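**Q** final-v4.pdb (PDB, C-alpha atoms) pasted underneath:
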```
ATOM      1  CA  MET X   1     103.084  93.752  87.311
ATOM      2  CA  THR X   2     100.911  95.588  89.805
ATOM      3  CA  GLY X   3     102.383  95.828  93.266
ATOM      4  CA  ALA X   4     100.648  96.949  96.428
ATOM      5  CA  MET X   5     101.689  97.456  99.992
ATOM      6  CA  TYR X   6      99.631  96.892 103.094
ATOM      7  CA  PRO X   7     101.268  99.026 105.795
ATOM      8  CA  GLY X   8     100.575  98.903 109.498
ATOM      9  CA  THR X   9     101.945  98.289 112.931
ATOM     10  CA  PHE X  10     100.530  94.742 113.146
ATOM     11  CA  ASP X  11     100.964  94.542 116.925
ATOM     12  CA  PRO X  12      99.943  91.750 116.604
ATOM     13  CA  ILE X  13      98.779  90.531 113.219
ATOM     14  CA  THR X  14      95.158  89.355 113.508
ATOM     15  CA  ASN X  15      92.816  87.157 111.506
ATOM     16  CA  GLY X  16      91.327  90.389 110.137
ATOM     17  CA  HIS X  17      94.733  91.386 108.776
ATOM     18  CA  TYR X  18      95.146  87.917 107.276
ATOM     19  CA  ASP X  19      91.760  88.238 105.570
ATOM     20  CA  LEU X  20      92.686  91.584 103.997
ATOM     21  CA  VAL X  21      96.116  90.350 102.865
ATOM     22  CA  ARG X  22      94.609  87.224 101.316
ATOM     23  CA  ARG X  23      92.041  89.287  99.450
ATOM     24  CA  ALA X  24      94.609  91.887  98.323
ATOM     25  CA  ALA X  25      96.809  89.037  97.061
ATOM     26  CA  GLY X  26      93.917  87.976  94.830
ATOM     27  CA  ILE X  27      93.752  91.460  93.309
ATOM     28  CA  PHE X  28      97.429  92.415  92.984
ATOM     29  CA  ASP X  29     100.356  90.461  91.528
ATOM     30  CA  ARG X  30     102.544  91.316  94.510
ATOM     31  CA  VAL X  31     101.609  92.430  98.027
ATOM     32  CA  VAL X  32     104.187  93.714 100.475
ATOM     33  CA  VAL X  33     103.049  93.681 104.067
ATOM     34  CA  ALA X  34     105.093  96.604 105.371
ATOM     35  CA  ILE X  35     105.355  96.609 109.144
ATOM     36  CA  ALA X  36     106.002 100.061 110.500
ATOM     37  CA  ALA X  37     108.612 100.648 113.186
ATOM     38  CA  ASN X  38     106.450 103.624 114.263
ATOM     39  CA  PRO X  39     108.463 105.275 117.049
ATOM     40  CA  ASN X  40     105.338 107.177 118.171
ATOM     41  CA  LYS X  41     103.762 103.984 119.509
ATOM     42  CA  ALA X  42     104.934 101.626 122.231
ATOM     43  CA  PRO X  43     104.256  98.200 120.713
ATOM     44  CA  LEU X  44     104.081  95.018 122.749
ATOM     45  CA  PHE X  45     106.278  93.222 120.207
ATOM     46  CA  THR X  46     109.532  94.472 118.700
ATOM     47  CA  LEU X  47     109.644  95.193 114.989
ATOM     48  CA  ASP X  48     111.583  91.964 114.383
ATOM     49  CA  GLU X  49     109.017  89.959 116.366
ATOM     50  CA  ARG X  50     106.103  91.516 114.448
ATOM     51  CA  VAL X  51     107.812  90.791 111.113
ATOM     52  CA  GLU X  52     108.509  87.186 112.121
ATOM     53  CA  LEU X  53     104.941  86.609 113.351
ATOM     54  CA  ALA X  54     103.510  88.059 110.136
ATOM     55  CA  ARG X  55     105.798  85.861 108.022
ATOM     56  CA  GLU X  56     104.645  82.783 109.929
ATOM     57  CA  VAL X  57     100.965  83.693 109.605
ATOM     58  CA  LEU X  58     101.146  84.679 105.918
ATOM     59  CA  HIS X  59     103.557  81.979 104.690
ATOM     60  CA  ASP X  60     100.816  80.204 102.721
ATOM     61  CA  ILE X  61     100.100  83.141 100.394
ATOM     62  CA  PRO X  62     102.732  82.904  97.618
ATOM     63  CA  ASN X  63     102.668  86.448  96.250
ATOM     64  CA  VAL X  64     103.032  88.106  99.668
ATOM     65  CA  GLU X  65     106.254  89.281 101.264
ATOM     66  CA  VAL X  66     106.712  90.798 104.707
ATOM     67  CA  THR X  67     109.237  93.436 105.671
ATOM     68  CA  GLY X  68     109.747  96.076 108.311
ATOM     69  CA  TYR X  69     110.187  99.749 107.521
ATOM     70  CA  SER X  70     110.502 103.189 108.988
ATOM     71  CA  GLY X  71     109.812 106.545 107.434
ATOM     72  CA  LEU X  72     107.113 107.697 105.083
ATOM     73  CA  THR X  73     104.815 105.073 103.602
ATOM     74  CA  VAL X  74     104.758 106.767 100.191
ATOM     75  CA  GLU X  75     108.568 106.831 100.153
ATOM     76  CA  PHE X  76     108.697 103.105 100.955
ATOM     77  CA  ALA X  77     106.199 102.460  98.141
ATOM     78  CA  ARG X  78     108.275 104.510  95.684
ATOM     79  CA  GLN X  79     111.525 102.776  96.637
ATOM     80  CA  HIS X  80     109.949  99.345  96.153
ATOM     81  CA  GLY X  81     108.068 100.079  92.930
ATOM     82  CA  LEU X  82     104.647  99.804  94.570
ATOM     83  CA  SER X  83     101.891 101.984  93.148
ATOM     84  CA  VAL X  84      99.053 101.107  95.527
ATOM     85  CA  VAL X  85      98.602 101.266  99.290
ATOM     86  CA  VAL X  86      95.919  98.950 100.671
ATOM     87  CA  ARG X  87      94.124 100.013 103.840
ATOM     88  CA  GLY X  88      91.346  98.299 105.750
ATOM     89  CA  LEU X  89      88.132  99.964 106.829
ATOM     90  CA  ARG X  90      86.321  98.170 109.649
ATOM     91  CA  ALA X  91      83.736 100.829 110.407
ATOM     92  CA  VAL X  92      82.634 104.287 109.352
ATOM     93  CA  SER X  93      84.780 105.651 112.179
ATOM     94  CA  ASP X  94      87.914 104.398 110.342
ATOM     95  CA  PHE X  95      86.991 106.270 107.178
ATOM     96  CA  GLU X  96      87.733 109.815 108.342
ATOM     97  CA  PHE X  97      91.289 108.988 109.463
ATOM     98  CA  GLU X  98      92.026 106.824 106.417
ATOM     99  CA  PHE X  99      90.635 109.446 104.037
ATOM    100  CA  GLN X 100      92.801 112.124 105.659
ATOM    101  CA  LEU X 101      95.853 109.839 105.456
ATOM    102  CA  ALA X 102      95.234 109.063 101.780
ATOM    103  CA  THR X 103      94.718 112.725 100.934
ATOM    104  CA  MET X 104      97.900 113.783 102.744
ATOM    105  CA  SER X 105      99.832 111.005 101.020
ATOM    106  CA  ARG X 106      98.552 112.143  97.625
ATOM    107  CA  HIS X 107     100.039 115.570  98.361
ATOM    108  CA  LEU X 108     103.380 113.908  99.152
ATOM    109  CA  SER X 109     103.343 111.700  96.043
ATOM    110  CA  ASP X 110     100.898 111.525  93.177
ATOM    111  CA  LYS X 111     102.446 108.206  92.109
ATOM    112  CA  VAL X 112     100.767 106.166  94.864
ATOM    113  CA  ASP X 113      97.033 105.455  95.038
ATOM    114  CA  TYR X 114      95.097 104.207  98.046
ATOM    115  CA  VAL X 115      92.632 101.328  97.858
ATOM    116  CA  PHE X 116      90.298 100.575 100.742
ATOM    117  CA  LEU X 117      89.082  97.077 101.538
ATOM    118  CA  THR X 118      86.507  96.117 104.101
ATOM    119  CA  PRO X 119      87.082  92.913 106.041
ATOM    120  CA  THR X 120      84.822  89.918 105.806
ATOM    121  CA  GLU X 121      81.958  90.419 108.256
ATOM    122  CA  GLN X 122      83.294  87.913 110.798
ATOM    123  CA  PHE X 123      86.485  89.980 111.144
ATOM    124  CA  ASN X 124      85.251  93.575 111.040
ATOM    125  CA  PHE X 125      85.273  94.017 114.819
ATOM    126  CA  ILE X 126      88.801  92.701 115.417
ATOM    127  CA  SER X 127      91.574  95.160 116.214
ATOM    128  CA  SER X 128      95.105  94.583 117.446
ATOM    129  CA  THR X 129      94.407  96.930 120.358
ATOM    130  CA  LEU X 130      91.441  94.870 121.553
ATOM    131  CA  VAL X 131      93.326  91.598 121.061
ATOM    132  CA  ARG X 132      96.248  92.917 123.164
ATOM    133  CA  GLU X 133      93.874  94.089 125.885
ATOM    134  CA  ILE X 134      92.023  90.776 126.056
ATOM    135  CA  ALA X 135      95.312  88.858 126.138
ATOM    136  CA  SER X 136      96.725  91.174 128.826
ATOM    137  CA  LEU X 137      93.795  90.266 131.057
ATOM    138  CA  GLY X 138      94.253  86.538 130.458
ATOM    139  CA  GLY X 139      91.344  86.228 128.027
ATOM    140  CA  ASN X 140      91.121  83.746 125.193
ATOM    141  CA  VAL X 141      92.104  85.306 121.836
ATOM    142  CA  ALA X 142      92.219  82.055 119.839
ATOM    143  CA  GLN X 143      89.343  83.072 117.567
ATOM    144  CA  PHE X 144      90.996  86.387 116.668
ATOM    145  CA  VAL X 145      94.596  85.384 115.858
ATOM    146  CA  HIS X 146      96.710  82.571 114.422
ATOM    147  CA  PRO X 147      97.808  79.978 117.049
ATOM    148  CA  LYS X 148     101.447  81.166 116.818
ATOM    149  CA  VAL X 149     100.332  84.718 117.576
ATOM    150  CA  GLU X 150      98.217  83.492 120.482
ATOM    151  CA  ALA X 151     101.247  81.683 121.936
ATOM    152  CA  ALA X 152     103.440  84.767 121.434
ATOM    153  CA  LEU X 153     100.870  86.936 123.229
ATOM    154  CA  GLN X 154     100.731  84.523 126.151
ATOM    155  CA  ARG X 155     104.545  84.525 126.422
ATOM    156  CA  ALA X 156     104.777  88.323 126.168
ATOM    157  CA  TRP X 157     102.191  88.960 128.861
ATOM    158  CA  ALA X 158     103.599  86.253 131.142
ATOM    159  CA  LYS X 159     107.025  87.897 130.801
ATOM    160  CA  ARG X 160     105.565  91.328 131.635
ATOM    161  CA  ARG X 161     103.723  89.976 134.666
ATOM    162  CA  ALA X 162     106.917  88.346 135.926
ATOM    163  CA  GLN X 163     108.855  91.625 135.808
TER     164      GLN X 163
END
```
Translate this structure into structure tokens?
**A**
Amino acid sequence: MTGAMYPGTFDPITNGHYDLVRRAAGIFDRVVVAIAANPNKAPLFTLDERVELAREVLHDIPNVEVTGYSGLTVEFARQHGLSVVVRGLRAVSDFEFEFQLATMSRHLSDKVDYVFLTPTEQFNFISSTLVREIASLGGNVAQFVHPKVEAALQRAWAKRRAQ
């Protein structure tokens, strides 16, 4: 059984993420969407909220599981018997960072390989950062995220504005 993980912050999960997970699930027997706690970032949603949103969005893909994690990605992969890390490349500008990350990870563990997927053309411009920014300014993000994520974004920004 070939297992892969798709790590990220997923703040929030977008239709582009969904596309990559769906496609990875067609390649690998098991895909773990591993949502990073990442203490170096200040996410809009808590780790628990990001995990719950991802579970709701991805519930229709049977060989996908969602979990939160902290620590090294290669260590998480090792502990869960996952031999592949899936990463998305939207543009050439993503490649340099992702290549550096994969190379560094290979030095940490030669038991985990990186596979890069490009999103379907209609999703290659979507990023969580842009979705958050649009939502923060009251813009319509319905075409970029699942309806439950859109509602969660509206609630989160309304709460922040009220503070």
**Q** List as a PyMOL selection string the protein and nucleic acid residues near region 27-42 of chain X, meaning an atom at most 9 Å away when only C-alpha atoms are counted, but skip any in the same chain fewer than 6 places from it.
**A** chain X and resi 1-10+21+50-51+54+62-71+73+76+82
**Q** Between X:Val145, X:Val86, X:Leu130, X:Ala77, which one has atoms that come closest to Gly16 (chain X), using only C-alpha atoms?
**A** X:Val145
**Q** Using CA of Glu133 (chain X) and CA of Phe95 (chain X) as the two end points, give the distance in Å to one decimal.
**A**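 Rounded to one decimal, the two atoms are 23.4 Å apart.
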**Q** Under the PyMOL selection byres ((chain X and resi 102-116) around 7), which residues of this model are included? Write them out as number ranges by chain.
**A** X: 74, 83-89, 98-101, 117-118
**Q** Run the PyMOL selection byres ((chain X and resi 57) around 10) against the file shown and list the residues it catches, as a list of chain:residue names.
**A**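 The output of the PyMOL selection byres ((chain X and resi 57) around 10) on this file is X:Ile13, X:Thr14, X:Asn15, X:His17, X:Tyr18, X:Val51, X:Glu52, X:Leu53, X:Ala54, X:Arg55, X:Glu56, X:Leu58, X:His59, X:Asp60, X:Ile61, X:Val145, X:His146, X:Pro147, X:Lys148, X:Val149.
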**Q** Quick one, how far is CA of Leu20 (chain X) from CA of Thr120 (chain X)?
**A** 8.2 Å
**Q** May I ask for the distance between CA of Arg90 (chain X) and CA of Ser128 (chain X), given in Å to one decimal place?
**A** 12.3 Å
**Q** Using all atoms listed in the file, which of X:Glu96, X:Asp48, X:Glu75, X:Asp19 sits nearest Pro119 (chain X)?
**A** X:Asp19
**Q** Starting from the displayed file, determine the output of the PyMOL selection byres ((chain X and resi 131) around 10) and express the residue list as a list in words.
**A**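 Selected by the PyMOL selection byres ((chain X and resi 131) around 10) in this file: Asp11, Pro12, Ile13, Thr14, Ile126, Ser127, Ser128, Thr129, Leu130, Arg132, Glu133, Ile134, Ala135, Ser136, Gly139, Asn140, Val141, Ala142, Phe144, Val145, Glu150 and Leu153 of chain X.
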**Q** Deliver the residues from the most recent selection as a file, using C-alpha atoms, as an mmCIF file, keeping the file's coordinate frame.
**A**
```
data_model
loop_
_atom_site.group_PDB
_atom_site.id
_atom_site.type_symbol
_atom_site.label_atom_id
_atom_site.label_comp_id
_atom_site.auth_asym_id
_atom_site.auth_seq_id
_atom_site.Cartn_x
_atom_site.Cartn_y
_atom_site.Cartn_z
ATOM 1 C CA ASP X 11 100.964 94.542 116.925
ATOM 2 C CA PRO X 12 99.943 91.750 116.604
ATOM 3 C CA ILE X 13 98.779 90.531 113.219
ATOM 4 C CA THR X 14 95.158 89.355 113.508
ATOM 5 C CA ILE X 126 88.801 92.701 115.417
ATOM 6 C CA SER X 127 91.574 95.160 116.214
ATOM 7 C CA SER X 128 95.105 94.583 117.446
ATOM 8 C CA THR X 129 94.407 96.930 120.358
ATOM 9 C CA LEU X 130 91.441 94.870 121.553
ATOM 10 C CA ARG X 132 96.248 92.917 123.164
ATOM 11 C CA GLU X 133 93.874 94.089 125.885
ATOM 12 C CA ILE X 134 92.023 90.776 126.056
ATOM 13 C CA ALA X 135 95.312 88.858 126.138
ATOM 14 C CA SER X 136 96.725 91.174 128.826
ATOM 15 C CA GLY X 139 91.344 86.228 128.027
ATOM 16 C CA ASN X 140 91.121 83.746 125.193
ATOM 17 C CA VAL X 141 92.104 85.306 121.836
ATOM 18 C CA ALA X 142 92.219 82.055 119.839
ATOM 19 C CA PHE X 144 90.996 86.387 116.668
ATOM 20 C CA VAL X 145 94.596 85.384 115.858
ATOM 21 C CA GLU X 150 98.217 83.492 120.482
ATOM 22 C CA LEU X 153 100.870 86.936 123.229
#
```
**Q** Could you give me the axis-aligned bounding box of region 49-65 of chain X, with 8 Å of padding per side, as centre plus edge lengths in Å to one decimal, as JSON?
**A**
```
{"center_x": 104.6, "center_y": 85.9, "center_z": 106.3, "size_x": 24.9, "size_y": 27.3, "size_z": 36.1}
```
**Q** Can you complete the atoms of region 143-159 of chain X to N, CA, C and O atoms and list them as a PDB file, in the frame of the given file?
**A**
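Result saved to result.pdb:
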```
ATOM      1  N   GLN X 143      90.199  82.850 118.744  1.00  0.00           N
ATOM      2  CA  GLN X 143      89.343  83.072 117.567  1.00  0.00           C
ATOM      3  C   GLN X 143      89.731  84.312 116.765  1.00  0.00           C
ATOM      4  O   GLN X 143      89.236  84.531 115.669  1.00  0.00           O
ATOM      5  N   PHE X 144      90.629  85.128 117.302  1.00  0.00           N
ATOM      6  CA  PHE X 144      90.996  86.387 116.668  1.00  0.00           C
ATOM      7  C   PHE X 144      92.359  86.375 115.992  1.00  0.00           C
ATOM      8  O   PHE X 144      92.654  87.253 115.174  1.00  0.00           O
ATOM      9  N   VAL X 145      93.221  85.412 116.361  1.00  0.00           N
ATOM     10  CA  VAL X 145      94.596  85.384 115.858  1.00  0.00           C
ATOM     11  C   VAL X 145      95.028  83.957 115.536  1.00  0.00           C
ATOM     12  O   VAL X 145      94.440  82.988 116.016  1.00  0.00           O
ATOM     13  N   HIS X 146      96.076  83.847 114.753  1.00  0.00           N
ATOM     14  CA  HIS X 146      96.710  82.571 114.422  1.00  0.00           C
ATOM     15  C   HIS X 146      97.258  81.952 115.718  1.00  0.00           C
ATOM     16  O   HIS X 146      97.671  82.682 116.629  1.00  0.00           O
ATOM     17  N   PRO X 147      97.290  80.619 115.828  1.00  0.00           N
ATOM     18  CA  PRO X 147      97.808  79.978 117.049  1.00  0.00           C
ATOM     19  C   PRO X 147      99.220  80.426 117.441  1.00  0.00           C
ATOM     20  O   PRO X 147      99.519  80.543 118.638  1.00  0.00           O
ATOM     21  N   LYS X 148     100.089  80.702 116.474  1.00  0.00           N
ATOM     22  CA  LYS X 148     101.447  81.166 116.818  1.00  0.00           C
ATOM     23  C   LYS X 148     101.412  82.560 117.436  1.00  0.00           C
ATOM     24  O   LYS X 148     102.220  82.874 118.301  1.00  0.00           O
ATOM     25  N   VAL X 149     100.492  83.382 116.991  1.00  0.00           N
ATOM     26  CA  VAL X 149     100.332  84.718 117.576  1.00  0.00           C
ATOM     27  C   VAL X 149      99.753  84.594 118.981  1.00  0.00           C
ATOM     28  O   VAL X 149     100.199  85.285 119.906  1.00  0.00           O
ATOM     29  N   GLU X 150      98.792  83.712 119.152  1.00  0.00           N
ATOM     30  CA  GLU X 150      98.217  83.492 120.482  1.00  0.00           C
ATOM     31  C   GLU X 150      99.306  83.072 121.471  1.00  0.00           C
ATOM     32  O   GLU X 150      99.399  83.611 122.588  1.00  0.00           O
ATOM     33  N   ALA X 151     100.157  82.150 121.063  1.00  0.00           N
ATOM     34  CA  ALA X 151     101.247  81.683 121.936  1.00  0.00           C
ATOM     35  C   ALA X 151     102.225  82.824 122.233  1.00  0.00           C
ATOM     36  O   ALA X 151     102.680  82.979 123.375  1.00  0.00           O
ATOM     37  N   ALA X 152     102.528  83.636 121.225  1.00  0.00           N
ATOM     38  CA  ALA X 152     103.440  84.767 121.434  1.00  0.00           C
ATOM     39  C   ALA X 152     102.839  85.784 122.401  1.00  0.00           C
ATOM     40  O   ALA X 152     103.550  86.348 123.244  1.00  0.00           O
ATOM     41  N   LEU X 153     101.549  86.025 122.299  1.00  0.00           N
ATOM     42  CA  LEU X 153     100.870  86.936 123.229  1.00  0.00           C
ATOM     43  C   LEU X 153     100.935  86.401 124.659  1.00  0.00           C
ATOM     44  O   LEU X 153     101.219  87.148 125.598  1.00  0.00           O
ATOM     45  N   GLN X 154     100.674  85.123 124.808  1.00  0.00           N
ATOM     46  CA  GLN X 154     100.731  84.523 126.151  1.00  0.00           C
ATOM     47  C   GLN X 154     102.127  84.661 126.748  1.00  0.00           C
ATOM     48  O   GLN X 154     102.277  85.017 127.923  1.00  0.00           O
ATOM     49  N   ARG X 155     103.167  84.388 125.937  1.00  0.00           N
ATOM     50  CA  ARG X 155     104.545  84.525 126.422  1.00  0.00           C
ATOM     51  C   ARG X 155     104.868  85.972 126.787  1.00  0.00           C
ATOM     52  O   ARG X 155     105.463  86.249 127.827  1.00  0.00           O
ATOM     53  N   ALA X 156     104.464  86.906 125.931  1.00  0.00           N
ATOM     54  CA  ALA X 156     104.777  88.323 126.168  1.00  0.00           C
ATOM     55  C   ALA X 156     104.123  88.828 127.440  1.00  0.00           C
ATOM     56  O   ALA X 156     104.764  89.526 128.236  1.00  0.00           O
ATOM     57  N   TRP X 157     102.866  88.476 127.663  1.00  0.00           N
ATOM     58  CA  TRP X 157     102.191  88.960 128.861  1.00  0.00           C
ATOM     59  C   TRP X 157     102.680  88.248 130.112  1.00  0.00           C
ATOM     60  O   TRP X 157     102.775  88.846 131.183  1.00  0.00           O
ATOM     61  N   ALA X 158     103.024  86.978 129.987  1.00  0.00           N
ATOM     62  CA  ALA X 158     103.599  86.253 131.142  1.00  0.00           C
ATOM     63  C   ALA X 158     104.930  86.886 131.535  1.00  0.00           C
ATOM     64  O   ALA X 158     105.220  87.063 132.725  1.00  0.00           O
ATOM     65  N   LYS X 159     105.728  87.241 130.558  1.00  0.00           N
ATOM     66  CA  LYS X 159     107.025  87.897 130.801  1.00  0.00           C
ATOM     67  C   LYS X 159     106.818  89.237 131.492  1.00  0.00           C
ATOM     68  O   LYS X 159     107.519  89.566 132.456  1.00  0.00           O
TER      69      LYS X 159
END
```
